[in-house]
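Only one structure is covered here, and it is reproduced in the block below.
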Amino acid sequence: MAARAMTDRKPSSRPSQVITLGCRLNSYESEVMRGHADKAGLEDAVIINTCAVTAEAVRTARQTIRRAARDKPDAPIIVTGCAAQIDAQMFADMDEVTRVIGNHEKMQAETYAPLDLLGGTETIRVNDIMSITETAGHLIDGMDGRARAYVQVQNGCDHRCTFCIIPYGRGNSRSVPAGDVVNMIKNLVDKGHYEVVLTGVDLTSWGADLPGQPQLGNLVQRILKLVPGLPQLRISSIDAIEMDEALFDTMTDPRIAPFMHLSLQHGDNLILKRMKRRHSREDAIELAQRLRTLRPEIALGADIIAGFPTETESAFEKCIQLIEDCNIAFLHAFPYSPRPGTPAGRMPQLDKATIKARAAKLREAGAKALSRHLDTHVGTLCDVLVETTGRGRLSDFTPVTLEGFETAETGRPVRAQISRHDGEKLIGTAP
């Protein structure tokens, strides 16, 4: 099937559009891509940065491509990201797609030279991601109007969880040197950013490939020491078994946001083993308790998968109980979907109706847990980081609707009285 024709494209002087699907790391990388495209003079293209974590994510990517083609019929469409890396041919076979570029290629400035990217007949430009051994720090000025800036410190993953396709889209684990990370954060602080978020595919594996094998806690300590002007540092999703002692030590620092998202995935030990996770249910509960002892105001998020192959009703109920045992405030509940090429895809599967019902029950439990968390803030006076007009978040990442703050500056904190909540977010008014 031919790639989308380029000969009839109308001249334009508009900057290219970047559409981001999936994780926070993709958000960061999209900003790097946007900068490369602008500097190269790539005009009026649509670049779609895809996700592959579930079959639904891939379906969403395909829908997004078709919608972009309808909205901008004359624009070239460039597809990249994890879904494109894993199955480049599938996207190349879509009539709407002009080019498919890999996860490594998308971060290279030279990729975006218009004559090279849009010229020729080669549709797929995807390298073997497993051959990539380094991750460079990419300097960005911010996050396209976002209140917080994301900084990539790590990419790839050396673990092979049986349900996960992401290592085949991201490659093996590789780290950005600490000096590069510190310099990027200094730049962001100089630009006026209040909060910086450290991101990675397997964040707690940072440093294992660097000289001396430093750990994530060491990096966080260096950031806090060497960037004293940074008001708030946030750590994104971590593996529940990989927190090092130095990282635990930093949790008491008031500049560390009191929030942690835990990659738990399940609440039953047998299922965790079949997932090839490296922690137990007891490890997860102990971690949550330790974090709360160090930082009583901390809020915890978690990923949990419903309907993993061989999951019994009693095993699933342990997921529901784990939400309470770990006092999870923000639950990301995923219905299991088999990914081609993964060991779990070859295990005995549950029927789709059971998976759907369990995922719904998990989400219901998560909604109740969120409501309980929101209750704890009602009646308090809080600092809210303004994300956009009428909306912001607490330092523990709780969302807030702001009433009466129409002139508040995006990216700066305001003092708000929390009067109530609607089950999903707090309502804050001027004190």
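Just remember, in the structure tokens the first chain shown is A, the second B, etc., residues are 1-based per chain, and ligands are 1-based in the order shown.
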Subject >> Residues flagged strand (DSSP E or B) by DSSP in stretch 265-377 of chain A, as a list in words >> reply: Gln265, Ala299, Leu300, Gly301, Ala302, Asp303, Ile304, Ile305, Ala306, Ile328, Ala329, Phe330, Leu331, His332, Ala333, Phe334 and Pro335 of chain A
With stretch 56-72 of chain A as the partner and 12 Å as the cut-off, tabulate the residues of stretch 266-370 of chain A that qualify, each row holding the nearest pair of atoms and their distance in Å to one decimal, using only C-alpha atoms, sorted by chain and rising number, as CSV.
```
residue,atom,partner,partner_atom,distance
A:Phe334,CA,A:Glu56,CA,10.3
A:Pro335,CA,A:Glu56,CA,9.8
A:Tyr336,CA,A:Glu56,CA,10.3
A:Ser337,CA,A:Glu56,CA,8.2
A:Pro338,CA,A:Glu56,CA,10.6
A:Arg339,CA,A:Val58,CA,10.4
```
Original post:
Within 7 Å of stretch 26-30 of chain A, counting only C-alpha atoms, which residues qualify if same-chain residues fewer than 4 places away don't, as a list in words?
Top reply: Val18, Thr20, Gly22, Arg34, Asn49, Tyr150, Val151 and Gln152 of chain A
Original post:
Hey, what's within 7 Å of A:Thr204 if we count only C-alpha atoms and toss same-chain stuff fewer than 3 positions away? As a ChimeraX atom specification, please?
Top reply: /A:216,238-239,242-243
Store the residues picked out above, limited to N, CA and C atoms, as a tab-separated table (two decimals), in the first residue's frame.
```
chain	number	residue	atom	x	y	z
A	216	LEU	N	19.13	5.98	41.88
A	216	LEU	CA	18.25	7.12	41.69
A	216	LEU	C	18.30	8.08	42.88
A	238	ILE	N	7.47	4.45	39.92
A	238	ILE	CA	8.63	3.65	40.29
A	238	ILE	C	8.24	2.20	40.47
A	239	ASP	N	9.23	1.32	40.33
A	239	ASP	CA	9.05	-0.10	40.61
A	239	ASP	C	9.00	-0.29	42.12
A	242	GLU	N	12.37	-1.43	43.95
A	242	GLU	CA	13.67	-0.88	43.60
A	242	GLU	C	14.04	0.43	44.28
A	243	MET	N	13.26	0.90	45.25
A	243	MET	CA	13.65	2.14	45.93
A	243	MET	C	14.90	1.92	46.77
```
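Using only C-alpha atoms for every distance, the candidate list A:Lys191, A:Lys225, A:His261, A:His104 yields A:His104 as the residue closest to A:Gly169.
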Find the residues near A:Pro114: any atom within 10 Å, counting only C-alpha atoms, skip ones fewer than 2 places away on the same chain, and give them as a PDB file with C-alpha atoms, in the first residue's frame.
```pdb
ATOM      1  CA  ALA A  37      10.890  20.109  13.831  1.00  0.00           C
ATOM      2  CA  ALA A  40      14.590  22.214  10.937  1.00  0.00           C
ATOM      3  CA  GLY A  41      11.805  24.217   9.307  1.00  0.00           C
ATOM      4  CA  LEU A  42       9.425  21.265   9.048  1.00  0.00           C
ATOM      5  CA  GLU A  43       6.088  22.977   8.366  1.00  0.00           C
ATOM      6  CA  ALA A  45       3.219  18.201   9.266  1.00  0.00           C
ATOM      7  CA  GLU A 110      18.724  15.410  11.733  1.00  0.00           C
ATOM      8  CA  THR A 111      15.582  13.298  11.295  1.00  0.00           C
ATOM      9  CA  TYR A 112      13.431  16.396  10.815  1.00  0.00           C
ATOM     10  CA  ASP A 116      15.060  14.164   3.888  1.00  0.00           C
ATOM     11  CA  LEU A 117      12.033  13.294   6.033  1.00  0.00           C
ATOM     12  CA  LEU A 118       9.445  13.958   3.352  1.00  0.00           C
ATOM     13  CA  GLY A 119      11.457  13.008   0.290  1.00  0.00           C
TER      14      GLY A 119
END
```
Just the residues within 9 Å of A:Ile101, please, counting only C-alpha atoms, with nothing from its chain fewer than 5 positions along; format it as a PDB file with C-alpha atoms, in the first residue's frame.
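This went into result-v6.pdb:
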```pdb
ATOM      1  CA  ILE A  78       4.534  11.121  10.521  1.00  0.00           C
ATOM      2  CA  VAL A  79       3.990   8.302  13.009  1.00  0.00           C
ATOM      3  CA  THR A  80       6.438   7.423  15.771  1.00  0.00           C
ATOM      4  CA  GLY A  81       6.486   6.169  19.369  1.00  0.00           C
ATOM      5  CA  ALA A  84       5.319   2.473  15.581  1.00  0.00           C
ATOM      6  CA  GLN A  85       8.583   0.978  16.827  1.00  0.00           C
ATOM      7  CA  ALA A  88       6.095  -0.208  11.866  1.00  0.00           C
ATOM      8  CA  LYS A 106      12.411  10.594  16.655  1.00  0.00           C
ATOM      9  CA  THR A 111      15.582  13.298  11.295  1.00  0.00           C
ATOM     10  CA  THR A 123       8.048   4.757   4.280  1.00  0.00           C
ATOM     11  CA  ILE A 124       9.712   3.097   7.287  1.00  0.00           C
ATOM     12  CA  ARG A 125      12.763   4.486   9.077  1.00  0.00           C
ATOM     13  CA  VAL A 126      13.022   2.374  12.208  1.00  0.00           C
ATOM     14  CA  ASN A 127      16.271   1.129  13.756  1.00  0.00           C
TER      15      ASN A 127
END
```
**OP:** Identify which of the residues A:Pro258, A:Gly200, A:Gly411, A:Pro76 lies closest to A:Phe397, counting only C-alpha atoms when measuring atom-to-atom distances.
**Re:** A:Pro258
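Among the candidate residues A:Leu331, A:Phe248, A:Pro340, A:Asp128, the one lying nearest to A:Ala52 is A:Pro340, with distances computed using only C-alpha atoms.
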